[in-house]
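Novice: Got a file for you: target_4.txt, compact mmCIF, C-alpha atoms.
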```txt
# COMPACT_ATOMS: atom_id res chain seq x y z
CA MET U 1 0.00 0.00 0.00
CA ARG U 2 2.82 2.40 0.95
CA SER U 3 4.68 1.64 -2.24
CA LEU U 4 1.59 2.25 -4.31
CA LEU U 5 1.05 5.59 -2.57
CA SER U 6 4.70 6.54 -3.15
CA ILE U 7 4.40 5.82 -6.87
CA LEU U 8 1.17 7.76 -7.06
CA ALA U 9 2.77 10.71 -5.25
CA ALA U 10 5.78 10.66 -7.58
CA GLY U 11 3.52 10.47 -10.61
CA LEU U 12 1.39 13.34 -9.32
CA LEU U 13 4.47 15.48 -8.71
CA LEU U 14 5.76 14.85 -12.23
CA THR U 15 2.34 15.61 -13.68
CA ILE U 16 2.23 18.93 -11.83
CA LEU U 17 5.74 19.80 -12.98
CA PHE U 18 4.95 18.90 -16.55
CA SER U 19 1.78 20.96 -16.65
CA LEU U 20 3.18 24.18 -15.17
CA PRO U 21 1.82 27.13 -17.12
CA GLY U 22 3.93 28.65 -19.85
CA GLU U 23 3.41 31.53 -22.20
CA SER U 24 4.05 31.22 -25.89
CA GLY U 25 5.79 27.95 -25.69
CA GLY U 26 7.59 27.25 -22.47
CA PRO U 27 7.73 28.27 -18.88
CA TRP U 28 10.82 30.48 -18.98
CA PRO U 29 10.52 33.38 -18.41
CA LEU U 30 8.37 34.40 -16.77
CA LEU U 31 5.25 33.49 -15.05
CA PRO U 32 3.41 36.80 -15.43
CA ARG U 33 4.69 38.76 -12.48
CA GLU U 34 4.46 42.31 -13.68
CA GLN U 35 0.80 43.01 -14.01
CA VAL U 36 1.46 46.69 -13.64
CA ILE U 37 -0.63 48.29 -16.30
CA THR U 38 -3.80 49.68 -14.86
CA ARG U 39 -6.16 50.52 -17.62
CA GLN U 40 -8.84 53.12 -17.51
CA GLN U 41 -11.88 52.73 -19.61
CA PRO U 42 -11.67 55.01 -22.59
CA ASP U 43 -13.82 58.06 -22.03
CA ALA U 44 -15.22 59.65 -25.10
CA THR U 45 -15.47 63.21 -23.89
CA SER U 46 -17.23 66.17 -25.34
CA ASP U 47 -14.23 67.01 -27.53
CA SER U 48 -14.65 63.55 -29.10
CA ARG U 49 -11.26 62.29 -28.08
CA THR U 50 -10.60 58.85 -26.63
CA ARG U 51 -8.18 58.72 -23.74
CA ARG U 52 -6.50 55.92 -21.86
CA LEU U 53 -3.99 56.17 -19.07
CA TYR U 54 -1.19 53.62 -19.14
CA GLN U 55 0.65 52.94 -15.93
CA TRP U 56 3.78 50.88 -16.47
CA LYS U 57 7.21 50.27 -15.00
CA ASN U 58 10.39 51.24 -16.78
CA SER U 59 13.67 49.35 -16.46
CA ARG U 60 14.61 51.33 -13.34
CA ASN U 61 11.41 50.02 -11.78
CA GLU U 62 9.87 53.48 -11.69
CA THR U 63 6.14 53.64 -12.20
CA ILE U 64 5.42 55.70 -15.28
CA GLN U 65 2.12 57.15 -16.39
CA THR U 66 1.64 57.76 -20.08
CA ARG U 67 -1.58 59.09 -21.50
CA PHE U 68 -2.82 57.83 -24.83
CA GLU U 69 -5.12 60.21 -26.61
CA VAL U 70 -6.63 59.99 -30.03
CA SER U 71 -9.46 61.76 -31.79
CA GLU U 72 -12.54 59.90 -32.96
CA GLU U 73 -11.85 61.03 -36.51
CA VAL U 74 -8.47 59.31 -36.56
CA LEU U 75 -9.94 56.15 -35.09
CA GLU U 76 -12.68 56.18 -37.70
CA GLU U 77 -10.05 56.57 -40.40
CA VAL U 78 -8.13 53.58 -39.01
CA TRP U 79 -11.28 51.49 -38.92
CA SER U 80 -12.29 52.51 -42.40
CA ASN U 81 -8.95 51.27 -43.71
CA TYR U 82 -8.82 48.03 -41.80
CA GLY U 83 -11.08 45.01 -41.73
CA LEU U 84 -13.25 43.30 -44.29
CA SER U 85 -16.95 44.14 -44.30
CA ARG U 86 -19.57 41.83 -45.72
CA GLY U 87 -19.34 41.81 -49.46
CA MET U 88 -15.67 42.69 -49.60
CA THR U 89 -14.85 39.37 -51.12
CA HIS U 90 -13.01 40.64 -54.14
CA ILE U 91 -9.22 40.60 -54.08
CA ARG U 92 -9.04 44.32 -54.89
CA TYR U 93 -10.32 45.17 -51.39
CA PHE U 94 -7.82 43.06 -49.57
CA LYS U 95 -4.69 45.20 -49.85
CA LYS U 96 -6.59 48.40 -49.17
CA GLN U 97 -8.21 46.89 -46.09
CA GLY U 98 -4.97 45.51 -44.68
CA PHE U 99 -4.97 41.95 -45.97
CA ILE U 100 -3.05 39.87 -48.47
CA ILE U 101 -3.37 36.40 -49.91
CA THR U 102 -0.29 34.32 -49.24
CA ARG U 103 -0.08 30.63 -50.10
CA ASN U 104 -3.82 30.76 -50.81
CA ILE U 105 -4.42 31.93 -47.25
CA LEU U 106 -5.96 35.26 -46.31
CA MET U 107 -3.70 36.95 -43.80
CA VAL U 108 -3.01 40.37 -42.36
CA ASP U 109 -0.69 42.55 -44.46
CA TYR U 110 1.72 43.23 -41.61
CA PRO U 111 4.32 45.26 -43.57
CA GLY U 112 1.53 47.38 -45.07
CA ILE U 113 -0.07 48.04 -41.69
CA TYR U 114 3.33 48.80 -40.17
CA GLN U 115 4.01 51.41 -42.87
CA ARG U 116 0.65 53.13 -42.76
CA ASN U 117 0.65 53.44 -38.95
CA LEU U 118 4.09 54.99 -38.54
CA ALA U 119 2.80 58.53 -38.50
CA ARG U 120 -0.28 57.67 -36.47
CA VAL U 121 1.64 56.52 -33.39
CA ASP U 122 4.16 59.35 -33.56
CA ASP U 123 2.57 61.50 -30.82
CA PHE U 124 2.20 58.60 -28.43
CA ALA U 125 5.77 57.40 -29.08
CA ARG U 126 7.08 60.85 -28.18
CA ASP U 127 4.96 60.91 -25.02
CA LEU U 128 6.26 57.48 -24.11
CA TYR U 129 9.84 58.63 -24.64
CA ARG U 130 9.29 61.76 -22.56
CA THR U 131 7.35 60.19 -19.68
CA GLY U 132 9.55 57.09 -19.58
CA LYS U 133 12.58 59.34 -18.92
CA LEU U 134 14.60 57.61 -21.59
CA GLN U 135 18.15 58.73 -22.13
CA GLY U 136 19.64 58.00 -25.51
CA GLU U 137 18.46 56.33 -28.66
CA ASP U 138 19.76 52.91 -27.70
CA ARG U 139 17.33 52.91 -24.77
CA ILE U 140 14.27 53.28 -27.01
CA LEU U 141 13.90 49.64 -28.02
CA PRO U 142 14.43 47.99 -24.60
CA GLU U 143 12.17 50.50 -22.81
CA PHE U 144 9.43 50.45 -25.41
CA LEU U 145 9.65 46.67 -25.34
CA ARG U 146 9.04 46.75 -21.59
CA PHE U 147 6.00 48.93 -22.16
CA VAL U 148 4.55 46.70 -24.88
CA GLN U 149 5.21 43.54 -22.88
CA GLN U 150 3.21 45.00 -20.01
CA ILE U 151 0.14 45.65 -22.14
CA GLU U 152 -2.43 43.01 -21.32
CA TYR U 153 -2.12 39.92 -23.50
CA ARG U 154 -5.55 39.04 -24.85
CA LEU U 155 -6.66 37.73 -28.20
CA PRO U 156 -8.66 40.29 -30.20
CA PRO U 157 -11.93 39.01 -31.64
CA MET U 158 -12.27 37.67 -35.17
CA TYR U 159 -15.01 40.23 -35.92
CA MET U 160 -15.35 43.76 -34.59
CA ARG U 161 -17.61 46.60 -35.65
CA GLY U 162 -19.13 44.20 -38.14
CA LYS U 163 -15.79 43.66 -39.85
CA LYS U 164 -13.51 40.68 -40.11
CA ILE U 165 -10.31 41.73 -38.37
CA MET U 166 -8.66 38.32 -38.14
CA GLU U 167 -7.80 38.60 -34.43
CA PHE U 168 -5.43 41.50 -35.03
CA PHE U 169 -5.50 45.09 -33.78
CA PRO U 170 -3.65 47.79 -35.72
CA PRO U 171 -1.38 49.82 -33.37
CA LEU U 172 -3.83 52.63 -32.62
CA ILE U 173 -6.69 50.23 -31.94
CA CYS U 174 -4.43 48.15 -29.72
CA LEU U 175 -3.59 51.25 -27.68
CA GLU U 176 -7.20 52.36 -27.61
CA GLN U 177 -8.48 48.95 -26.50
CA GLY U 178 -5.63 48.46 -23.99
CA TYR U 179 -4.87 44.90 -24.96
CA GLY U 180 -3.55 42.84 -27.82
CA ASP U 181 -2.05 39.53 -28.80
CA CYS U 182 1.37 38.66 -30.17
CA ASP U 183 1.03 40.11 -33.68
CA SER U 184 -0.81 43.23 -32.49
CA LYS U 185 1.99 43.92 -30.00
CA VAL U 186 4.72 43.16 -32.53
CA ILE U 187 3.48 45.71 -35.03
CA LEU U 188 2.80 48.23 -32.25
CA LEU U 189 6.38 47.95 -30.96
CA ALA U 190 7.88 48.15 -34.44
CA ASP U 191 5.85 51.27 -35.20
CA LEU U 192 6.63 52.95 -31.87
CA VAL U 193 10.37 52.40 -32.26
CA SER U 194 10.57 53.20 -35.96
CA THR U 195 8.67 56.45 -35.67
CA LEU U 196 11.25 57.76 -33.20
CA ASP U 197 14.47 56.41 -34.65
CA GLY U 198 13.55 57.28 -38.21
CA GLY U 199 13.78 53.69 -39.38
CA ARG U 200 17.40 53.19 -38.37
CA ASN U 201 16.56 49.87 -36.78
CA GLN U 202 15.61 47.28 -39.35
CA PHE U 203 12.74 45.03 -38.32
CA ALA U 204 11.34 41.73 -39.48
CA ILE U 205 8.45 39.60 -38.30
CA VAL U 206 8.86 35.92 -37.52
CA ILE U 207 5.74 33.76 -37.58
CA LEU U 208 6.17 30.45 -35.81
CA ASN U 209 3.75 27.64 -36.46
CA ILE U 210 3.69 25.95 -33.05
CA TYR U 211 1.70 22.76 -33.47
CA GLY U 212 -0.50 24.62 -35.94
CA LYS U 213 -1.03 27.60 -33.63
CA PRO U 214 0.76 30.67 -34.98
CA HIS U 215 2.88 32.85 -32.74
CA MET U 216 4.62 36.00 -33.88
CA LEU U 217 7.94 37.45 -32.80
CA LEU U 218 9.57 40.69 -33.82
CA ALA U 219 13.19 40.63 -34.97
CA VAL U 220 15.64 43.52 -35.02
CA LYS U 221 18.84 43.67 -37.02
CA ALA U 222 21.71 43.63 -34.52
CA ASP U 223 24.83 41.67 -33.72
CA PRO U 224 24.04 39.02 -31.13
CA LEU U 225 25.91 39.04 -27.85
CA VAL U 226 26.87 35.89 -26.03
CA GLY U 227 23.90 33.83 -24.86
CA MET U 228 21.46 35.42 -27.30
CA THR U 229 19.46 33.69 -29.99
CA ALA U 230 19.92 35.08 -33.50
CA ILE U 231 18.41 34.53 -36.93
CA ASN U 232 20.39 34.92 -40.12
CA ILE U 233 18.11 36.22 -42.87
CA ALA U 234 19.86 35.46 -46.13
CA GLY U 235 21.02 38.66 -47.80
CA HIS U 236 19.88 40.88 -44.96
CA GLY U 237 22.10 39.97 -42.04
CA VAL U 238 21.62 38.78 -38.50
CA PHE U 239 18.49 39.61 -36.50
CA LEU U 240 17.65 39.18 -32.83
CA PRO U 241 14.19 37.79 -32.05
CA ILE U 242 12.07 39.83 -29.64
CA GLU U 243 9.28 38.39 -27.52
CA THR U 244 6.62 41.06 -27.08
CA SER U 245 3.88 38.95 -25.52
CA VAL U 246 5.06 38.57 -21.93
CA PRO U 247 7.31 40.59 -19.61
CA GLY U 248 10.86 39.62 -18.80
CA TYR U 249 12.41 38.83 -22.15
CA TYR U 250 15.22 41.09 -23.36
CA PRO U 251 15.84 41.31 -27.13
CA GLY U 252 17.65 38.14 -28.20
CA PHE U 253 15.95 35.95 -25.59
CA ILE U 254 12.92 33.80 -26.30
CA SER U 255 11.51 30.69 -24.68
CA GLN U 256 13.09 27.32 -25.34
CA MET U 257 10.11 26.08 -27.31
CA ASN U 258 10.10 29.17 -29.51
CA ARG U 259 13.80 28.62 -30.17
CA GLU U 260 13.09 25.10 -31.30
CA TRP U 261 10.19 26.17 -33.54
CA LEU U 262 12.33 28.90 -35.05
CA MET U 263 14.16 26.19 -36.97
CA ASP U 264 10.97 24.63 -38.30
CA GLU U 265 10.49 24.70 -42.05
CA ASN U 266 7.06 26.32 -41.70
CA THR U 267 8.47 29.40 -39.96
CA ILE U 268 7.77 32.54 -41.98
CA ILE U 269 10.15 35.51 -41.86
CA GLN U 270 9.19 38.78 -43.49
CA LEU U 271 10.99 42.12 -43.47
CA LEU U 272 9.01 45.12 -42.25
CA ASN U 273 11.25 47.97 -43.39
CA MET G 274 21.21 51.20 -33.83
CA PHE G 275 20.30 48.89 -31.04
CA MET G 276 23.20 47.60 -28.93
CA GLU G 277 26.52 48.69 -30.29
CA SER G 278 29.10 48.22 -27.58
CA SER G 279 32.25 46.10 -27.76
CA TYR G 280 32.71 46.83 -24.05
CA LEU G 281 29.44 45.08 -23.26
CA ASN G 282 30.46 42.18 -25.49
CA VAL G 283 33.73 41.58 -23.66
CA ILE G 284 32.13 41.74 -20.21
CA SER G 285 29.31 39.45 -21.33
CA ILE G 286 31.71 36.84 -22.68
CA LEU G 287 33.65 36.92 -19.41
CA LEU G 288 30.45 36.54 -17.41
CA TYR G 289 29.32 33.69 -19.65
CA LEU G 290 32.64 31.86 -19.17
CA ILE G 291 32.43 32.35 -15.40
CA LEU G 292 28.87 31.00 -15.40
CA ILE G 293 29.89 27.93 -17.39
CA PHE G 294 32.84 27.34 -15.05
CA LEU G 295 30.59 27.66 -12.00
CA ALA G 296 27.96 25.38 -13.56
CA VAL G 297 30.50 22.68 -14.42
CA THR G 298 32.14 22.86 -10.98
CA LEU G 299 28.79 22.67 -9.27
CA THR G 300 27.70 19.77 -11.47
CA VAL G 301 30.74 17.61 -10.83
CA THR G 302 30.80 18.39 -7.10
CA GLY G 303 27.06 17.83 -6.77
CA ALA G 304 27.13 14.52 -8.63
CA MET G 305 30.04 13.28 -6.51
CA VAL G 306 28.37 14.29 -3.26
CA ILE G 307 25.05 12.71 -4.22
CA ILE G 308 26.51 9.42 -5.42
CA ALA G 309 28.68 9.21 -2.29
CA ARG G 310 25.61 9.80 -0.14
CA LEU G 311 23.47 7.28 -1.97
CA THR G 312 26.08 4.54 -2.10
CA ARG G 313 27.63 4.70 1.33
CA ARG G 314 28.67 1.06 1.27
CA ILE G 315 30.49 1.46 -2.04
CA ASP G 316 33.74 3.27 -2.65
CA GLU G 317 32.71 4.61 -6.05
CA LYS G 318 36.14 5.99 -6.94
CA LYS G 319 37.72 2.61 -6.32
CA GLU G 320 34.95 0.87 -8.25
CA ILE G 321 35.33 3.14 -11.27
CA VAL G 322 39.13 3.53 -11.38
CA ARG G 323 40.45 0.20 -10.10
CA ASN G 324 37.64 -2.29 -10.64
CA ARG G 325 36.49 -0.60 -13.89
CA ASN G 326 32.87 -1.05 -12.79
CA VAL G 327 30.85 0.11 -15.79
CA GLY G 328 27.62 0.07 -13.81
CA ILE G 329 28.81 2.60 -11.24
CA ALA G 330 30.30 4.73 -14.06
CA LEU G 331 26.98 4.65 -15.88
CA VAL G 332 24.99 5.74 -12.84
CA PHE G 333 27.53 8.48 -12.03
CA SER G 334 27.33 9.71 -15.64
CA SER G 335 23.56 9.92 -15.47
CA PHE G 336 23.86 11.99 -12.29
CA LEU G 337 26.31 14.28 -14.09
CA TRP G 338 23.94 14.62 -17.04
CA ALA G 339 20.89 15.37 -14.92
CA ILE G 340 22.55 18.00 -12.74
CA GLY G 341 24.65 19.46 -15.58
CA ASN G 342 21.63 19.87 -17.81
CA LEU G 343 19.70 21.66 -15.09
CA THR G 344 22.54 24.01 -14.10
CA LEU G 345 23.20 24.89 -17.73
CA GLN G 346 19.49 25.71 -18.09
CA SER G 347 19.93 28.46 -15.52
CA ILE G 348 22.55 30.32 -17.58
CA ARG G 349 20.17 31.72 -20.19
CA PRO G 350 17.87 33.52 -17.71
CA ILE G 351 20.95 34.89 -15.95
CA MET G 352 22.28 36.33 -19.22
CA ASN G 353 18.83 37.77 -20.00
CA SER G 354 18.87 39.47 -16.62
CA TRP G 355 22.45 40.63 -17.15
CA TYR G 356 21.64 42.54 -20.33
CA THR G 357 18.63 44.13 -18.67
CA LEU G 358 20.78 45.15 -15.71
CA TYR G 359 23.47 46.52 -17.99
CA SER G 360 21.02 48.55 -20.04
CA ARG G 361 19.41 50.15 -16.98
CA GLY G 362 22.82 50.94 -15.44
CA PHE G 363 24.12 49.35 -12.27
CA ASP G 364 25.78 50.41 -9.05
CA PHE G 365 27.60 48.42 -6.35
CA GLY G 366 24.39 47.30 -4.64
CA ARG G 367 22.80 46.02 -7.82
CA GLY G 368 26.05 44.24 -8.75
CA VAL G 369 26.17 42.42 -5.40
CA THR G 370 22.48 41.49 -5.67
CA PHE G 371 23.06 40.17 -9.18
CA ALA G 372 26.04 38.06 -8.01
CA LEU G 373 23.95 36.62 -5.18
CA LYS G 374 21.16 35.85 -7.62
CA ILE G 375 23.61 33.97 -9.84
CA ILE G 376 24.69 31.81 -6.93
CA GLY G 377 21.05 31.34 -5.91
CA SER G 378 20.05 30.27 -9.44
CA LEU G 379 22.82 27.72 -9.69
CA LEU G 380 21.98 26.34 -6.25
CA ILE G 381 18.31 26.06 -7.22
CA ALA G 382 19.34 24.13 -10.33
CA LEU G 383 21.55 21.88 -8.21
CA GLY G 384 18.69 21.37 -5.78
CA PHE G 385 16.36 20.36 -8.59
CA GLY G 386 19.02 17.96 -9.87
CA ALA G 387 19.31 16.37 -6.44
CA VAL G 388 15.53 16.10 -6.12
CA ALA G 389 15.29 14.53 -9.59
CA ILE G 390 17.91 11.94 -8.71
CA PHE G 391 16.53 11.10 -5.28
CA LEU G 392 13.01 10.89 -6.69
CA SER G 393 13.95 8.50 -9.47
CA ILE G 394 16.05 6.28 -7.21
CA ARG G 395 13.29 6.27 -4.63
CA VAL G 396 10.66 5.23 -7.17
CA LEU G 397 12.85 2.39 -8.41
CA MET G 398 13.60 1.18 -4.90
CA VAL G 399 9.91 1.14 -4.09
CA LEU G 400 9.19 -0.82 -7.24
CA HIS G 401 11.90 -3.41 -6.56
CA ARG G 402 11.77 -3.57 -2.81
CA LYS G 403 13.38 -6.99 -2.45
CA ILE G 404 16.35 -6.06 -4.59
CA ASP G 405 19.40 -4.20 -3.27
CA GLU G 406 20.19 -2.18 -6.40
CA TRP G 407 23.52 -0.86 -5.23
CA GLU G 408 24.74 -4.32 -4.30
CA GLU G 409 23.68 -5.54 -7.74
CA ILE G 410 25.53 -2.70 -9.45
CA LYS G 411 28.59 -3.31 -7.32
CA ASN G 412 28.54 -6.93 -8.46
CA GLY G 413 28.52 -5.79 -12.07
CA ASN G 414 24.80 -6.06 -12.91
CA LEU G 415 24.65 -3.72 -15.90
CA ALA G 416 20.92 -4.17 -16.39
CA VAL G 417 20.16 -2.56 -13.04
CA ALA G 418 22.69 0.23 -13.73
CA ILE G 419 21.06 1.01 -17.08
CA THR G 420 17.58 1.08 -15.52
CA ILE G 421 18.67 3.51 -12.81
CA SER G 422 20.61 5.71 -15.25
CA VAL G 423 17.77 6.00 -17.72
CA THR G 424 15.29 6.75 -14.95
CA VAL G 425 17.54 9.54 -13.64
CA VAL G 426 17.93 10.98 -17.16
CA VAL G 427 14.19 10.87 -17.86
CA VAL G 428 13.24 12.46 -14.55
CA GLY G 429 15.96 15.07 -15.15
CA MET G 430 14.31 15.83 -18.49
CA PHE G 431 10.96 16.32 -16.75
CA PHE G 432 12.50 18.89 -14.44
CA GLN G 433 14.39 20.69 -17.23
CA PRO G 434 11.65 23.12 -18.33
CA VAL G 435 10.70 23.88 -14.76
CA VAL G 436 14.07 25.10 -13.53
CA ASN G 437 14.05 28.30 -15.56
CA ALA G 438 10.57 29.23 -14.43
CA VAL G 439 11.40 28.59 -10.79
CA ILE G 440 14.61 30.60 -11.00
CA ALA G 441 12.86 33.47 -12.74
CA THR G 442 9.97 33.50 -10.32
CA VAL G 443 11.76 32.92 -7.02
CA LEU G 444 14.80 35.09 -7.66
CA ARG G 445 13.15 37.56 -10.06
CA ILE G 446 16.12 37.15 -12.35
```
Since I need it in another form, could you write the structure as structure tokens?
Specialist:
Amino acid sequence: MRSLLSILAAGLLLTILFSLPGESGGPWPLLPREQVITRQQPDATSDSRTRRLYQWKNSRNETIQTRFEVSEEVLEEVWSNYGLSRGMTHIRYFKKQGFIITRNILMVDYPGIYQRNLARVDDFARDLYRTGKLQGEDRILPEFLRFVQQIEYRLPPMYMRGKKIMEFFPPLICLEQGYGDCDSKVILLADLVSTLDGGRNQFAIVILNIYGKPHMLLAVKADPLVGMTAINIAGHGVFLPIETSVPGYYPGFISQMNREWLMDENTIIQLLN
Amino acid sequence: MFMESSYLNVISILLYLILIFLAVTLTVTGAMVIIARLTRRIDEKKEIVRNRNVGIALVFSSFLWAIGNLTLQSIRPIMNSWYTLYSRGFDFGRGVTFALKIIGSLLIALGFGAVAIFLSIRVLMVLHRKIDEWEEIKNGNLAVAITISVTVVVVGMFFQPVVNAVIATVLRI
């Protein structure tokens, strides 16, 4: 009886260890420990502007408050240029509405959305730079990454405002809603950084197909330092993968499972700029 | 451009080498201590060197693999934390805290290795209660040695993905 109980206890322990929660493919790092963003509901005020206060922690562990503000007209413009309404089944709508057909699959036109949102996030990027007390251009990416990682990770719906949005929020919508998933955060970070550094950092997106479930990473062109994971994109140089979904990862560090899936033949890499 | 500093590169390589040295030292020491503790009736050095006992060597190797794999797993989170620390700027206090965290991480990995080994040996001993495994291995029973080694390796593999999460969560590294 004792031996049976011992085996059961050992089996239970291993089961618990094996089923520990992980984000985007593996437990390290980090079990979400920095739930620091407190979101306020957007308040459409009389001047028809939507506001949201972001409270986040910079790398010096200081609590920073950054206000996101956008007019209803701009939001309407973003919505009018993104998402497929009923009847938009012809291919000519796809590019205009932020989609492309690749390998016979309808998917979001990430480079296109990245390009068209550069100017739109400019004001917020400057506010983020100012309120985050950043010093120097080389601090932009790590600090903005910290901010984006602290935005709540939640999958956007497939349909919104009667449009098919394919579970993706363009940067302004992501900021307005206060949450986003991997691809929404990737494009948001790329836009925030690029709008400030004038495109000096070259970005690419990496789409992993983890057991059929896609996960997106951002990649920045940079020489890897020891211990970092790097991707060599033929003809374009070496890029460091960036995990935007959960806090704790520095550029060049991704979970073990993501590292393994990076080498899979179904991984898609696409340059953004 | 993001990260352009040869100074950072040199320091990081040095830190990486120190971490590997610490991990290897800890692995070998840990494996020797654990096998000596588990096999008190056997002089494992004599068995391996003089009697060329493959069974004891096999079990010792599996201990080395299990602990080594877990300690090496702790290096990546430490490097991740190092670059974050470097980019935010560090003073004496932060440096000391970081050094303590490194030691803590490696000790956690060693602890997990020890737990993995004790757990696997314990399970096997419960399963084969009437058999004295160590006596069998001492007498050259390779079958028992292989069973124990593979169990240690497999349990070590179970613990592998957990170590990083525990280090990151407990030590906030």
Novice: Which distance in Å separates atom CA of Ala222 of chain U and atom CA of Asn282 of chain G, to one decimal?
Specialist: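 About the pair atom CA of Ala222 of chain U and atom CA of Asn282 of chain G: they are 12.7 Å apart.
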Novice: Select residues of chain G: the criterion is any atom within 9 Å of an atom of chain U, counting only C-alpha atoms; output as number ranges by chain.
Specialist: G: 274-277, 281-282, 285-286, 289, 348-350, 352-354, 356-358, 360-362, 392-393, 395-396, 399-400, 402, 428, 431-432, 434-442, 445-446
Novice: For the selection just defined, write its residues with C-alpha atoms to a file, as a compact mmCIF listing (two decimals), in the coordinates of the input.
Specialist:
```
# COMPACT_ATOMS: atom_id res chain seq x y z
CA MET G 274 21.21 51.20 -33.83
CA PHE G 275 20.30 48.89 -31.04
CA MET G 276 23.20 47.60 -28.93
CA GLU G 277 26.52 48.69 -30.29
CA LEU G 281 29.44 45.08 -23.26
CA ASN G 282 30.46 42.18 -25.49
CA SER G 285 29.31 39.45 -21.33
CA ILE G 286 31.71 36.84 -22.68
CA TYR G 289 29.32 33.69 -19.65
CA ILE G 348 22.55 30.32 -17.58
CA ARG G 349 20.17 31.72 -20.19
CA PRO G 350 17.87 33.52 -17.71
CA MET G 352 22.28 36.33 -19.22
CA ASN G 353 18.83 37.77 -20.00
CA SER G 354 18.87 39.47 -16.62
CA TYR G 356 21.64 42.54 -20.33
CA THR G 357 18.63 44.13 -18.67
CA LEU G 358 20.78 45.15 -15.71
CA SER G 360 21.02 48.55 -20.04
CA ARG G 361 19.41 50.15 -16.98
CA GLY G 362 22.82 50.94 -15.44
CA LEU G 392 13.01 10.89 -6.69
CA SER G 393 13.95 8.50 -9.47
CA ARG G 395 13.29 6.27 -4.63
CA VAL G 396 10.66 5.23 -7.17
CA VAL G 399 9.91 1.14 -4.09
CA LEU G 400 9.19 -0.82 -7.24
CA ARG G 402 11.77 -3.57 -2.81
CA VAL G 428 13.24 12.46 -14.55
CA PHE G 431 10.96 16.32 -16.75
CA PHE G 432 12.50 18.89 -14.44
CA PRO G 434 11.65 23.12 -18.33
CA VAL G 435 10.70 23.88 -14.76
CA VAL G 436 14.07 25.10 -13.53
CA ASN G 437 14.05 28.30 -15.56
CA ALA G 438 10.57 29.23 -14.43
CA VAL G 439 11.40 28.59 -10.79
CA ILE G 440 14.61 30.60 -11.00
CA ALA G 441 12.86 33.47 -12.74
CA THR G 442 9.97 33.50 -10.32
CA ARG G 445 13.15 37.56 -10.06
CA ILE G 446 16.12 37.15 -12.35
```
Novice: Quick one, how far is atom CA of Ile329 of chain G from atom CA of Leu379 of chain G?
Specialist: 25.9 Å
Novice: Separation of atom CA of Thr420 of chain G and atom CA of Leu345 of chain G, in Å?
Specialist: 24.6 Å
Novice: Just the residues within 10 Å of Tyr159 of chain U, please, counting all atoms listed in the file, with nothing from its chain fewer than 3 positions along; format it as a VMD selection string.
Specialist: chain U and resid 83 to 85 156 162 to 168
Novice: Please identify all polymer residues within 12 Å of Ser334 of chain G, counting all atoms listed in the file, omitting same-chain residues fewer than 6 positions from it, and present them as a list in words.
Specialist: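 That gives Thr300, Val301, Ala304, Met305, Ile308, Ile321, Val327, Gly328, Ile340, Gly341, Asn342, Ile390, Ala418, Ile419, Ile421, Ser422, Val423, Val425 and Val426 of chain G.
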Novice: Could you write those residues out with C-alpha atoms, as a short mmCIF file (atom, residue, chain, number, x, y, z; two decimals), in the frame of the given file?
Specialist:
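Saved the output as again.cif:
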```
data_model
loop_
_atom_site.label_atom_id
_atom_site.label_comp_id
_atom_site.auth_asym_id
_atom_site.auth_seq_id
_atom_site.Cartn_x
_atom_site.Cartn_y
_atom_site.Cartn_z
CA THR G 300 27.70 19.77 -11.47
CA VAL G 301 30.74 17.61 -10.83
CA ALA G 304 27.13 14.52 -8.63
CA MET G 305 30.04 13.28 -6.51
CA ILE G 308 26.51 9.42 -5.42
CA ILE G 321 35.33 3.14 -11.27
CA VAL G 327 30.85 0.11 -15.79
CA GLY G 328 27.62 0.07 -13.81
CA ILE G 340 22.55 18.00 -12.74
CA GLY G 341 24.65 19.46 -15.58
CA ASN G 342 21.63 19.87 -17.81
CA ILE G 390 17.91 11.94 -8.71
CA ALA G 418 22.69 0.23 -13.73
CA ILE G 419 21.06 1.01 -17.08
CA ILE G 421 18.67 3.51 -12.81
CA SER G 422 20.61 5.71 -15.25
CA VAL G 423 17.77 6.00 -17.72
CA VAL G 425 17.54 9.54 -13.64
CA VAL G 426 17.93 10.98 -17.16
#
```
Novice: Could you name the residues that touch Asp405 of chain G at 12 Å or less, counting only C-alpha atoms, but leaving out those on the same chain fewer than 6 positions away, as a list in words?
Specialist: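 Using only C-alpha atoms, the neighbours found are Thr312, Arg314, Ile394, Leu397, Met398, Val399, Lys411, Asn412, Asn414, Val417 and Ala418 of chain G.
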Novice: Could the residues in this selection be written to a file with C-alpha atoms, as a JSON list (two decimals), in the frame of the given file?
Specialist:
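Output contents, as saved in result36.json:
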```
[["chain", "number", "residue", "atom", "x", "y", "z"],
["G", 312, "THR", "CA", 26.08, 4.54, -2.10],
["G", 314, "ARG", "CA", 28.67, 1.06, 1.27],
["G", 394, "ILE", "CA", 16.05, 6.28, -7.21],
["G", 397, "LEU", "CA", 12.85, 2.39, -8.41],
["G", 398, "MET", "CA", 13.60, 1.18, -4.90],
["G", 399, "VAL", "CA", 9.91, 1.14, -4.09],
["G", 411, "LYS", "CA", 28.59, -3.31, -7.32],
["G", 412, "ASN", "CA", 28.54, -6.93, -8.46],
["G", 414, "ASN", "CA", 24.80, -6.06, -12.91],
["G", 417, "VAL", "CA", 20.16, -2.56, -13.04],
["G", 418, "ALA", "CA", 22.69, 0.23, -13.73]]
```
Novice: Can you find the residues with an atom no farther than 12 Å from (32.6, -3.6, -10.4), counting all atoms listed in the file, and report them as a list in words?
Specialist: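 The answer, in the requested form, is Ile315, Asp316, Glu317, Lys318, Lys319, Glu320, Ile321, Val322, Arg323, Asn324, Arg325, Asn326, Val327, Gly328, Ile329, Ala330, Leu331, Trp407, Glu408, Glu409, Ile410, Lys411, Asn412, Gly413, Asn414, Leu415 and Ala418 of chain G.
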